[in-house]
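Engineer: My structure is stored as target26.txt, with compact mmCIF, C-alpha atoms.
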# COMPACT_ATOMS: atom_id res chain seq x y z
CA MET A 1 28.36 3.54 -7.37
CA THR A 2 31.85 3.53 -5.79
CA TYR A 3 34.40 6.27 -5.17
CA LYS A 4 37.92 5.16 -4.12
CA GLY A 5 36.40 2.05 -2.54
CA TRP A 6 33.43 3.98 -1.07
CA LEU A 7 29.97 2.52 -1.68
CA LEU A 8 26.98 4.85 -1.97
CA PRO A 9 24.70 4.34 1.07
CA PRO A 10 21.22 3.47 -0.29
CA ALA A 11 19.68 5.53 2.53
CA LEU A 12 21.40 8.67 1.18
CA ARG A 13 20.10 8.07 -2.34
CA ASP A 14 16.59 7.25 -1.07
CA PHE A 15 16.45 10.42 1.01
CA TYR A 16 17.72 12.87 -1.59
CA GLU A 17 16.03 11.65 -4.76
CA GLY A 18 13.48 14.30 -5.76
CA ARG A 19 14.53 16.69 -3.00
CA ILE A 20 16.16 20.11 -3.00
CA TRP A 21 18.05 20.43 0.28
CA LEU A 22 20.33 22.77 2.21
CA LYS A 23 23.85 21.33 2.07
CA GLU A 24 24.57 22.45 5.63
CA HIS A 25 21.46 20.61 6.89
CA ALA A 26 22.41 17.24 5.39
CA PRO A 27 21.23 14.38 7.66
CA PHE A 28 24.27 12.33 6.55
CA SER A 29 27.98 12.50 7.28
CA LYS A 30 30.00 15.27 5.68
CA GLU A 31 32.29 12.60 4.20
CA ASP A 32 29.42 10.79 2.43
CA ILE A 33 28.06 14.06 1.06
CA GLU A 34 31.46 15.15 -0.31
CA LYS A 35 32.06 11.77 -1.93
CA SER A 36 28.60 11.95 -3.56
CA ILE A 37 29.44 15.43 -4.87
CA ASN A 38 32.76 14.16 -6.26
CA LEU A 39 30.83 11.45 -8.10
CA GLN A 40 28.59 14.22 -9.49
CA TYR A 41 25.53 12.73 -7.80
CA PHE A 42 24.42 16.21 -6.78
CA HIS A 43 23.72 19.34 -8.78
CA ILE A 44 24.67 22.30 -6.57
CA ILE A 45 22.87 25.64 -7.01
CA GLU A 46 22.97 28.94 -5.13
CA GLY A 47 20.34 29.50 -2.47
CA ILE A 48 19.46 33.04 -3.58
CA GLN A 49 19.43 33.91 -7.25
CA LYS A 50 20.34 37.59 -7.74
CA GLU A 51 19.79 38.11 -11.48
CA PRO A 52 17.59 39.30 -13.12
CA HIS A 53 16.02 39.80 -9.68
CA LEU A 54 16.17 38.25 -6.20
CA ARG A 55 14.61 34.80 -5.99
CA CYS A 56 14.84 32.02 -3.42
CA ASN A 57 15.66 28.83 -5.30
CA ARG A 58 13.96 26.65 -2.68
CA CYS A 59 10.54 28.29 -2.24
CA ARG A 60 10.63 30.42 -5.43
CA ASN A 61 9.74 33.55 -3.47
CA ASP A 62 10.64 36.67 -5.48
CA ASN A 63 8.87 39.31 -3.40
CA PRO A 64 11.54 41.95 -2.56
CA GLN A 65 9.88 42.60 0.82
CA GLN A 66 10.47 38.99 1.82
CA PHE A 67 14.28 39.33 1.67
CA THR A 68 16.55 40.78 4.35
CA THR A 69 20.26 41.70 4.38
CA PHE A 70 22.46 40.71 7.35
CA ASP A 71 26.14 40.49 8.35
CA CYS A 72 26.91 36.84 7.66
CA SER A 73 29.44 35.20 10.02
CA LYS A 74 29.88 32.31 7.58
CA CYS A 75 31.05 34.23 4.51
CA GLN A 76 32.07 37.41 6.37
CA GLN A 77 30.04 39.56 3.98
CA GLN A 78 26.64 41.20 3.64
CA CYS A 79 24.29 38.34 2.84
CA VAL A 80 20.67 38.30 1.67
CA TYR A 81 18.31 35.67 3.07
CA CYS A 82 14.72 34.63 2.32
CA ARG A 83 12.26 35.28 5.12
CA HIS A 84 9.45 33.43 3.36
CA CYS A 85 10.71 29.90 4.10
CA LEU A 86 12.90 30.76 7.11
CA ASN A 87 11.24 28.19 9.40
CA MET A 88 12.67 25.43 7.17
CA GLY A 89 16.23 26.63 7.69
CA ARG A 90 17.75 29.85 6.40
CA VAL A 91 18.47 30.10 2.68
CA SER A 92 20.94 32.93 2.07
CA SER A 93 23.28 34.22 -0.64
CA CYS A 94 26.12 31.94 0.40
CA THR A 95 23.87 28.90 0.93
CA GLN A 96 24.26 25.90 -1.34
CA LEU A 97 21.22 23.86 -2.30
CA MET A 98 21.67 20.26 -3.44
CA ILE A 99 19.54 18.46 -6.05
CA TRP A 100 20.08 14.71 -6.50
CA THR A 101 21.21 13.61 -9.98
CA GLY A 102 22.70 10.26 -9.00
CA PRO A 103 21.37 6.69 -9.31
CA HIS A 104 17.61 6.26 -8.99
CA ALA A 105 15.95 4.70 -5.98
CA ILE A 106 14.43 1.25 -6.41
CA ARG A 107 10.70 1.42 -7.15
CA THR A 108 8.39 -1.54 -6.83
CA ARG A 109 5.39 -2.31 -9.03
CA LYS A 110 3.71 -4.65 -6.56
CA HIS A 111 1.25 -2.81 -4.34
CA ALA A 112 -1.72 -4.40 -2.60
CA LEU A 113 -5.01 -2.47 -2.52
CA LYS A 114 -6.95 -3.55 0.58
CA TRP A 115 -10.27 -1.77 0.33
CA ALA A 116 -13.52 -3.69 0.60
CA GLY A 117 -15.84 -0.73 0.02
CA GLN A 118 -18.11 -0.21 -2.96
CA PHE A 119 -18.56 2.92 -5.02
CA THR A 120 -21.89 4.54 -5.70
CA VAL A 121 -22.71 5.12 -9.37
CA LEU A 122 -21.54 8.74 -9.11
CA GLN A 123 -18.34 7.78 -7.30
CA GLN A 124 -17.57 5.08 -9.85
CA GLN A 125 -17.98 7.54 -12.70
CA ALA A 126 -15.73 10.15 -11.07
CA ALA A 127 -13.06 7.59 -10.15
CA LYS A 128 -13.08 6.29 -13.73
CA GLU A 129 -12.78 9.81 -15.20
CA MET A 130 -9.89 10.64 -12.87
CA LEU A 131 -8.02 7.44 -13.75
CA GLU A 132 -8.50 8.08 -17.47
CA SER A 133 -7.02 11.57 -17.03
CA VAL A 134 -3.95 10.19 -15.26
CA LYS A 135 -3.42 7.61 -18.02
CA VAL A 136 -3.24 10.36 -20.66
CA LYS A 137 -1.37 12.77 -18.31
CA ARG A 138 -4.20 15.31 -18.28
CA SER A 139 -4.97 17.45 -15.24
CA HIS A 140 -8.42 16.99 -13.71
CA LEU A 141 -10.80 18.58 -11.17
CA ILE A 142 -12.94 16.47 -8.82
CA HIS A 143 -15.75 18.61 -7.38
CA ALA A 144 -17.50 16.52 -4.72
CA VAL A 145 -19.61 17.67 -1.76
CA CYS A 146 -18.33 17.19 1.79
CA GLY A 147 -18.78 13.56 2.75
CA ALA A 148 -19.04 12.31 -0.84
CA GLY A 149 -16.10 9.94 -0.28
CA LYS A 150 -13.38 11.95 -2.02
CA THR A 151 -10.55 10.03 -0.36
CA GLU A 152 -11.90 6.69 -1.59
CA LEU A 153 -12.10 8.09 -5.13
CA LEU A 154 -8.31 8.40 -5.09
CA PHE A 155 -7.62 4.72 -4.39
CA PRO A 156 -7.91 3.34 -7.98
CA THR A 157 -5.79 6.17 -9.42
CA VAL A 158 -3.11 5.88 -6.73
CA HIS A 159 -3.02 2.08 -7.09
CA TYR A 160 -2.70 2.28 -10.87
CA ALA A 161 0.12 4.85 -10.65
CA LEU A 162 2.07 2.85 -8.05
CA GLU A 163 1.82 -0.33 -10.12
CA GLN A 164 3.19 1.60 -13.09
CA GLY A 165 6.27 2.35 -10.98
CA LEU A 166 5.29 6.00 -10.61
CA ARG A 167 5.82 8.20 -7.58
CA VAL A 168 2.68 9.85 -6.22
CA CYS A 169 2.17 12.87 -3.97
CA ILE A 170 -1.06 13.82 -2.24
CA ALA A 171 -0.58 17.41 -1.11
CA THR A 172 -2.92 19.51 0.99
CA PRO A 173 -2.69 22.97 2.59
CA ARG A 174 -3.67 21.67 6.05
CA THR A 175 -1.66 19.53 8.48
CA ASP A 176 -4.88 18.12 9.92
CA VAL A 177 -5.80 16.67 6.52
CA VAL A 178 -2.43 14.90 6.29
CA LEU A 179 -2.97 13.48 9.79
CA GLU A 180 -6.44 12.28 8.78
CA LEU A 181 -5.33 10.71 5.48
CA TYR A 182 -2.13 8.99 6.62
CA PRO A 183 -3.63 6.09 8.65
CA ARG A 184 -6.31 5.55 6.02
CA PHE A 185 -3.77 5.13 3.23
CA GLN A 186 -1.58 2.93 5.43
CA THR A 187 -4.55 0.60 5.90
CA VAL A 188 -5.52 0.56 2.22
CA PHE A 189 -1.95 0.23 0.87
CA PRO A 190 -0.34 -2.02 3.54
CA GLN A 191 2.67 -3.04 1.39
CA THR A 192 3.49 0.49 0.20
CA MET A 193 6.06 2.72 1.88
CA ILE A 194 4.24 5.95 2.67
CA HIS A 195 5.65 9.12 4.22
CA ALA A 196 3.58 11.84 5.91
CA LEU A 197 5.35 15.21 5.83
CA TYR A 198 4.25 18.29 7.77
CA GLY A 199 5.76 20.81 10.16
CA GLY A 200 7.18 18.84 13.08
CA SER A 201 6.58 15.42 11.49
CA PRO A 202 8.82 12.62 12.83
CA LYS A 203 11.84 11.40 10.87
CA GLN A 204 10.88 8.80 8.26
CA VAL A 205 13.38 6.59 6.47
CA GLY A 206 13.40 4.77 3.15
CA TYR A 207 12.15 5.72 -0.29
CA ALA A 208 8.43 6.47 -0.26
CA GLN A 209 6.61 5.95 -3.54
CA LEU A 210 3.55 7.57 -1.97
CA VAL A 211 4.02 10.85 -0.10
CA LEU A 212 1.33 12.72 1.83
CA ALA A 213 2.47 16.27 2.51
CA THR A 214 1.38 19.77 3.30
CA THR A 215 1.87 22.08 0.33
CA HIS A 216 4.56 23.93 2.36
CA GLN A 217 6.66 20.75 2.42
CA LEU A 218 6.78 20.81 -1.39
CA TYR A 219 9.29 23.67 -1.18
CA ARG A 220 11.77 20.88 -0.42
CA PHE A 221 11.03 18.86 -3.56
CA GLU A 222 12.10 19.28 -7.17
CA ARG A 223 10.82 17.20 -10.13
CA ALA A 224 9.96 14.37 -7.74
CA PHE A 225 6.41 13.21 -8.48
CA ASP A 226 4.86 11.61 -11.56
CA VAL A 227 1.31 12.16 -10.31
CA MET A 228 0.39 15.18 -8.17
CA ILE A 229 -2.93 15.20 -6.28
CA VAL A 230 -3.90 18.41 -4.47
CA ASP A 231 -6.61 17.71 -1.90
CA GLU A 232 -8.64 20.66 -0.57
CA ALA A 233 -7.31 22.69 -3.50
CA ASP A 234 -9.27 25.80 -2.49
CA ALA A 235 -8.04 25.97 1.11
CA PHE A 236 -6.10 28.79 2.76
CA PRO A 237 -3.20 29.48 2.43
CA TYR A 238 -2.75 27.62 -0.88
CA THR A 239 -5.11 29.83 -2.89
CA PHE A 240 -3.57 33.04 -1.51
CA ASP A 241 0.13 32.15 -1.71
CA GLU A 242 1.50 31.89 -5.23
CA THR A 243 4.71 30.27 -3.96
CA LEU A 244 2.66 27.28 -2.76
CA GLN A 245 1.07 26.94 -6.18
CA SER A 246 4.54 27.26 -7.71
CA ALA A 247 5.78 24.58 -5.27
CA VAL A 248 3.24 22.12 -6.68
CA GLN A 249 4.51 22.79 -10.19
CA LYS A 250 8.15 22.55 -9.07
CA ALA A 251 7.66 19.29 -7.15
CA LYS A 252 6.15 17.37 -10.06
CA THR A 253 7.92 16.03 -13.14
CA ALA A 254 7.51 17.98 -16.37
CA ASN A 255 4.59 15.99 -17.80
CA ALA A 256 2.95 14.94 -14.55
CA PRO A 257 -0.79 15.69 -14.36
CA ILE A 258 -2.31 17.55 -11.40
CA MET A 259 -5.50 16.13 -9.88
CA LEU A 260 -7.42 18.76 -7.90
CA VAL A 261 -9.96 17.60 -5.33
CA THR A 262 -12.32 19.85 -3.36
CA ALA A 263 -15.88 20.36 -2.18
CA THR A 264 -15.71 24.10 -2.70
CA PRO A 265 -13.85 24.95 -5.92
CA SER A 266 -13.28 28.60 -6.71
CA HIS A 267 -14.89 30.23 -9.73
CA LYS A 268 -11.42 30.30 -11.29
CA LEU A 269 -10.99 26.53 -10.95
CA LEU A 270 -14.47 25.82 -12.29
CA THR A 271 -13.86 28.07 -15.29
CA GLN A 272 -10.53 26.37 -15.96
CA TYR A 273 -11.72 22.76 -15.76
CA GLN A 274 -15.51 22.54 -16.05
CA ASN A 275 -15.65 22.18 -19.83
CA GLU A 276 -12.55 20.00 -20.16
CA SER A 277 -11.64 17.56 -17.41
CA TYR A 278 -14.15 17.74 -14.58
CA SER A 279 -16.14 15.37 -12.37
CA PHE A 280 -19.03 16.45 -10.13
CA ILE A 281 -20.57 14.49 -7.24
CA PRO A 282 -23.44 16.46 -5.65
CA LYS A 283 -24.43 13.71 -3.20
CA ARG A 284 -22.91 11.95 -0.20
CA TYR A 285 -21.93 8.28 -0.43
CA HIS A 286 -24.76 7.26 1.94
CA ASN A 287 -27.36 9.05 -0.23
CA ARG A 288 -28.66 11.26 2.60
CA PRO A 289 -28.90 15.04 2.12
CA LEU A 290 -26.32 17.49 3.44
CA PRO A 291 -27.36 19.04 6.77
CA VAL A 292 -28.64 22.57 6.12
CA PRO A 293 -27.36 25.27 8.51
CA ARG A 294 -29.75 27.10 10.83
CA PHE A 295 -29.22 30.81 11.50
CA HIS A 296 -29.57 32.06 15.09
CA SER A 297 -28.95 35.63 16.22
CA LEU A 298 -26.47 36.03 19.07
CA TRP A 299 -26.33 39.75 19.72
CA ASN A 300 -23.28 41.15 21.52
CA TYR A 301 -21.81 37.67 22.01
CA GLU A 302 -18.26 39.04 22.18
CA LYS A 303 -19.06 41.50 24.98
CA GLY A 304 -20.90 38.77 26.86
CA LEU A 305 -17.99 36.34 26.70
CA LYS A 306 -15.53 39.06 27.74
CA ARG A 307 -17.76 39.74 30.76
CA GLY A 308 -17.48 36.07 31.72
CA LYS A 309 -20.88 34.89 30.53
CA ILE A 310 -21.83 32.45 27.75
CA PRO A 311 -24.80 33.85 25.77
CA ARG A 312 -28.01 32.01 26.71
CA LYS A 313 -28.73 30.41 23.30
CA LEU A 314 -25.15 29.19 22.96
CA LYS A 315 -25.10 27.82 26.49
CA GLN A 316 -28.41 26.03 25.92
CA TRP A 317 -27.14 24.49 22.66
CA THR A 318 -23.97 23.23 24.37
CA GLU A 319 -25.84 21.83 27.36
CA GLU A 320 -28.14 19.91 25.01
CA ARG A 321 -25.13 18.33 23.30
CA LEU A 322 -23.64 17.38 26.68
CA ALA A 323 -26.94 15.88 27.89
CA ARG A 324 -27.31 13.83 24.71
CA LYS A 325 -23.62 12.83 24.74
CA GLU A 326 -23.20 14.18 21.21
CA PRO A 327 -19.64 15.24 20.33
CA PHE A 328 -19.44 18.85 19.17
CA LEU A 329 -17.21 21.44 17.55
CA LEU A 330 -17.57 25.12 18.41
CA PHE A 331 -15.91 27.34 15.79
CA PHE A 332 -14.65 30.77 16.86
CA PRO A 333 -13.55 33.65 14.59
CA THR A 334 -10.32 34.35 16.52
CA VAL A 335 -7.93 32.52 18.82
CA GLU A 336 -8.23 35.36 21.33
CA LEU A 337 -12.00 35.02 21.68
CA MET A 338 -11.72 31.24 21.87
CA LYS A 339 -9.20 31.52 24.72
CA ILE A 340 -11.53 33.88 26.60
CA ALA A 341 -14.43 31.45 26.11
CA THR A 342 -12.60 28.22 27.00
CA PRO A 343 -12.71 28.47 30.84
CA LEU A 344 -16.40 29.46 30.65
CA PHE A 345 -17.27 26.30 28.71
CA GLN A 346 -15.10 24.23 31.05
CA LEU A 347 -17.47 25.27 33.85
CA LEU A 348 -20.14 23.29 31.96
CA ASP A 349 -17.79 20.31 31.60
CA GLY A 350 -14.18 20.37 32.75
CA SER A 351 -13.00 18.02 29.99
CA ILE A 352 -13.94 20.38 27.13
CA MET A 353 -10.78 21.42 25.28
CA ALA A 354 -9.68 24.12 22.85
CA VAL A 355 -7.41 23.77 19.83
CA HIS A 356 -5.82 26.17 17.33
CA ALA A 357 -3.12 26.20 14.65
CA GLU A 358 -0.17 26.76 17.01
CA ASP A 359 -1.32 24.21 19.57
CA PRO A 360 1.42 21.54 19.89
CA ASN A 361 -1.19 19.04 21.15
CA ARG A 362 -3.80 19.56 18.44
CA LYS A 363 -3.34 16.07 16.99
CA GLU A 364 -3.89 14.46 20.40
CA LYS A 365 -6.92 16.62 21.17
CA VAL A 366 -8.66 15.70 17.92
CA LEU A 367 -7.98 12.02 18.66
CA LYS A 368 -9.53 12.45 22.10
CA LEU A 369 -12.72 13.78 20.50
CA ARG A 370 -12.73 10.94 17.96
CA HIS A 371 -12.27 8.36 20.74
CA GLU A 372 -15.04 9.98 22.83
CA GLU A 373 -12.60 10.88 25.60
CA VAL A 374 -13.73 14.53 25.56
CA PRO A 375 -17.26 15.82 24.83
CA GLY A 376 -16.28 18.66 22.52
CA LEU A 377 -13.65 21.02 21.19
CA LEU A 378 -13.52 24.78 20.82
CA THR A 379 -11.61 25.52 17.65
CA THR A 380 -10.74 27.97 14.90
CA THR A 381 -11.07 27.36 11.16
CA ILE A 382 -8.13 24.89 11.26
CA LEU A 383 -10.72 22.12 11.73
CA GLU A 384 -13.07 23.32 9.00
CA ARG A 385 -11.95 20.43 6.79
CA GLY A 386 -10.10 17.13 6.83
CA ILE A 387 -11.69 15.86 10.03
CA THR A 388 -14.37 13.17 10.35
CA ILE A 389 -15.97 12.60 13.76
CA LYS A 390 -18.89 10.20 14.12
CA ASN A 391 -22.15 11.99 15.07
CA VAL A 392 -20.45 15.38 15.54
CA GLN A 393 -22.63 18.50 15.91
CA VAL A 394 -21.38 21.94 14.90
CA ALA A 395 -21.93 25.54 15.95
CA VAL A 396 -20.24 28.64 14.54
CA ILE A 397 -19.92 31.60 16.90
CA GLY A 398 -19.74 34.88 15.03
CA ALA A 399 -20.62 33.44 11.62
CA GLU A 400 -20.78 37.00 10.28
CA SER A 401 -17.01 37.43 10.77
CA ASN A 402 -14.85 37.90 7.66
CA ILE A 403 -12.90 34.71 8.37
CA PHE A 404 -16.05 32.69 7.73
CA THR A 405 -16.29 32.82 3.96
CA SER A 406 -18.94 30.90 2.07
CA SER A 407 -16.44 28.11 1.36
CA ALA A 408 -15.35 27.92 5.01
CA LEU A 409 -18.97 27.73 6.20
CA ILE A 410 -19.80 24.99 3.68
CA GLN A 411 -16.77 23.02 4.85
CA ILE A 412 -17.69 23.51 8.50
CA ALA A 413 -21.27 22.36 7.85
CA GLY A 414 -19.77 19.41 5.98
CA ARG A 415 -18.32 17.98 9.21
CA VAL A 416 -21.87 16.94 10.22
CA GLY A 417 -23.75 13.83 9.07
CA ARG A 418 -20.81 12.14 7.35
CA ASN A 419 -21.33 8.74 8.99
CA ALA A 420 -24.06 6.54 7.44
CA ASN A 421 -25.36 5.66 10.93
CA PHE A 422 -25.52 9.34 11.93
CA ALA A 423 -26.45 10.99 8.63
CA ASP A 424 -28.40 13.81 10.31
CA GLY A 425 -27.09 16.42 12.68
CA ASP A 426 -27.29 20.03 13.75
CA VAL A 427 -25.39 22.89 12.14
CA VAL A 428 -26.09 26.31 13.61
CA PHE A 429 -24.59 29.64 12.59
CA PHE A 430 -24.77 31.99 15.58
CA HIS A 431 -24.40 35.51 14.26
CA HIS A 432 -24.54 39.24 14.91
CA GLY A 433 -26.20 39.92 11.55
CA ILE A 434 -26.62 37.65 8.51
CA THR A 435 -24.00 38.12 5.77
CA THR A 436 -24.06 37.35 2.06
CA GLU A 437 -21.40 34.68 2.73
CA MET A 438 -23.76 32.93 5.16
CA ASP A 439 -26.63 33.15 2.68
CA ASP A 440 -24.42 31.90 -0.14
CA ALA A 441 -23.25 28.90 1.91
CA ARG A 442 -26.81 27.88 2.75
CA THR A 443 -28.00 28.42 -0.84
CA LYS A 444 -25.22 26.23 -2.24
CA ILE A 445 -25.94 23.43 0.24
CA LEU A 446 -29.63 23.53 -0.75
CA TYR A 447 -28.59 23.48 -4.43
CA TYR A 448 -26.34 20.44 -3.90
CA ASN A 449 -29.19 18.62 -2.16
CA LYS A 450 -31.57 19.44 -5.00
CA LYS A 451 -29.01 18.44 -7.62
CA GLY A 452 -28.06 15.27 -5.79
CA PHE A 453 -31.57 13.98 -5.46
CA SER A 454 -32.58 14.80 -9.01
CA SER A 455 -29.62 12.95 -10.51
Show me the file's structure as structure tokens.
Structural biologist:
Amino acid sequence: MTYKGWLLPPALRDFYEGRIWLKEHAPFSKEDIEKSINLQYFHIIEGIQKEPHLRCNRCRNDNPQQFTTFDCSKCQQQCVYCRHCLNMGRVSSCTQLMIWTGPHAIRTRKHALKWAGQFTVLQQQAAKEMLESVKVKRSHLIHAVCGAGKTELLFPTVHYALEQGLRVCIATPRTDVVLELYPRFQTVFPQTMIHALYGGSPKQVGYAQLVLATTHQLYRFERAFDVMIVDEADAFPYTFDETLQSAVQKAKTANAPIMLVTATPSHKLLTQYQNESYSFIPKRYHNRPLPVPRFHSLWNYEKGLKRGKIPRKLKQWTEERLARKEPFLLFFPTVELMKIATPLFQLLDGSIMAVHAEDPNRKEKVLKLRHEEVPGLLTTTILERGITIKNVQVAVIGAESNIFTSSALIQIAGRVGRNANFADGDVVFFHHGITTEMDDARTKILYYNKKGFSS
């Protein structure tokens, strides 16, 4: 642990273990990094692999269209860099990536589980099946309807893994899900160091045995996690970006199982797991049925909003929520239309806010709705999942739009009625023509209700 009288800083070891990191972006002194390299505590690899074809060794992107050549001032040559993970710092031909091979961080096996809740019979069965899969290192799919208590199902498995001295990652495609899960896991595992990693997350120190992260953050990990849980495993962009799926594989250790958790699994996932390692919960924890969406025509809604007028049915629905002091979410198909609509809704109540993926204040705005400081939010599909607001009511404007797939609509409807004291609620799909996706969403919700109350 020493080099010419130099002692390895534990903070350096704790930060780098399990990570793959740009040498030039090291958050430690150049002297400490060079001494660690001299002690062979790092394995250094090239940023861009050129043979047999171009590949970024951080994000594993190998799409030729995602690489660009430039005149590099650092190496004074023509360099190739990866555009796919550019927002995490440029990886180019002359970049060096560091992988920790030095002494292991200290892991504890003492972790308190502070959860006083009780499982339903279906939850207990699913939690048991998941834990059994982890014990034999077998991947598993949890298919549970929105509001079934999926997060709570994870507690026994996470607790078991931590007490075995294992490192656990809960990854999800959406930042909002990480923000929702982080305080809940901090409360349930009060003695466990937990990190929450997402774009713009604050600096966190120490060695976290439990990491909550967006799937994009897994580009920065390599053979780090002994148990990998992917929450909302069907969500965009994870299902459409093979590098994110590759990142999950890269970030886990060789034999680590992957636990997939979702309310809306794809046909591919069901085919892969249904006959092998699969748990299904068709009913919410409070044993009340899922709210079934209503369809309401809203002809020419886009033209109306662009002319400065909220369509009558939509205005009436919003005014009813305001009068009853019911928090609400209004989902729009595009950011542009939402921005046009926002000042019109603020004429009904000046404290109504809008939020979208690039909004730097989205975390604060969601908290304002949760704390009843604002009556409602206009939003895009970024809030279709991973958000729980007591007594929230939901309307979708332009439910016929391509962005609103069956899965998205089921997730949106699933925001309503999650709280046992407010198990009912209104879900309305305002549309300019009913689509098969809308029909499919409603049919599946009815099926889950039928299945749940016959089991």
Engineer: Kindly assemble as CSV a list of the range 207-282 of chain A residues that lie within 10 Å of range 77-97 of chain A, each paired with its nearest atom pair and their distance in Å to one decimal, using only C-alpha atoms, sorted first by chain and then by ascending residue number.
Structural biologist:
residue,atom,partner,partner_atom,distance
A:His216,CA,A:Cys85,CA,8.7
A:Gln217,CA,A:Met88,CA,9.0
A:Tyr219,CA,A:Cys85,CA,8.3
A:Arg220,CA,A:Met88,CA,8.9
A:Thr243,CA,A:His84,CA,9.3
Engineer: Need the shell around Glu232 in chain A: protein/DNA/RNA residues with any atom at most 8 Å away, counting all atoms listed in the file. Skip same-chain ones fewer than 3 positions apart. Format as a list in words?
Structural biologist: Thr172, Pro173, Ala235, Leu260, Val261, Thr262 and Ala263 of chain A
Engineer: Could those residues be written to a file, using C-alpha atoms, as a PDB file, in the coordinates of the input?
Structural biologist:
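Once everything was written out, this is again-v7.pdb:
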ATOM      1  CA  THR A 172      -2.920  19.510   0.990  1.00  0.00           C
ATOM      2  CA  PRO A 173      -2.690  22.970   2.590  1.00  0.00           C
ATOM      3  CA  ALA A 235      -8.040  25.970   1.110  1.00  0.00           C
ATOM      4  CA  LEU A 260      -7.420  18.760  -7.900  1.00  0.00           C
ATOM      5  CA  VAL A 261      -9.960  17.600  -5.330  1.00  0.00           C
ATOM      6  CA  THR A 262     -12.320  19.850  -3.360  1.00  0.00           C
ATOM      7  CA  ALA A 263     -15.880  20.360  -2.180  1.00  0.00           C
TER       8      ALA A 263
END
Engineer: If I put a ball of radius 12 Å at (-3.1, 5.7, -14.2) in the file's coordinates, which residues poke into it when counting all atoms listed in the file, written as a PyMOL selection string?
Structural biologist: chain A and resi 127-139+154-168+226-228+256-257+259
Engineer: Provide the CA of Gln186 in chain A to CA of Ala26 in chain A distance in Å, to one decimal place.
Structural biologist: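 Distance reported for this atom pair: 27.9 Å.
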Engineer: Which value, in Å to one decimal, gives the distance between CA of Ala208 in chain A and CA of His195 in chain A?
Structural biologist: 5.9 Å
Engineer: Of the candidates A:Glu276, A:Asp241, A:Glu31, A:Glu222, which one gets nearest to Asn63 in chain A if we count only C-alpha atoms?
Structural biologist: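 With only C-alpha atoms as the atom set, the closest residue is A:Asp241.
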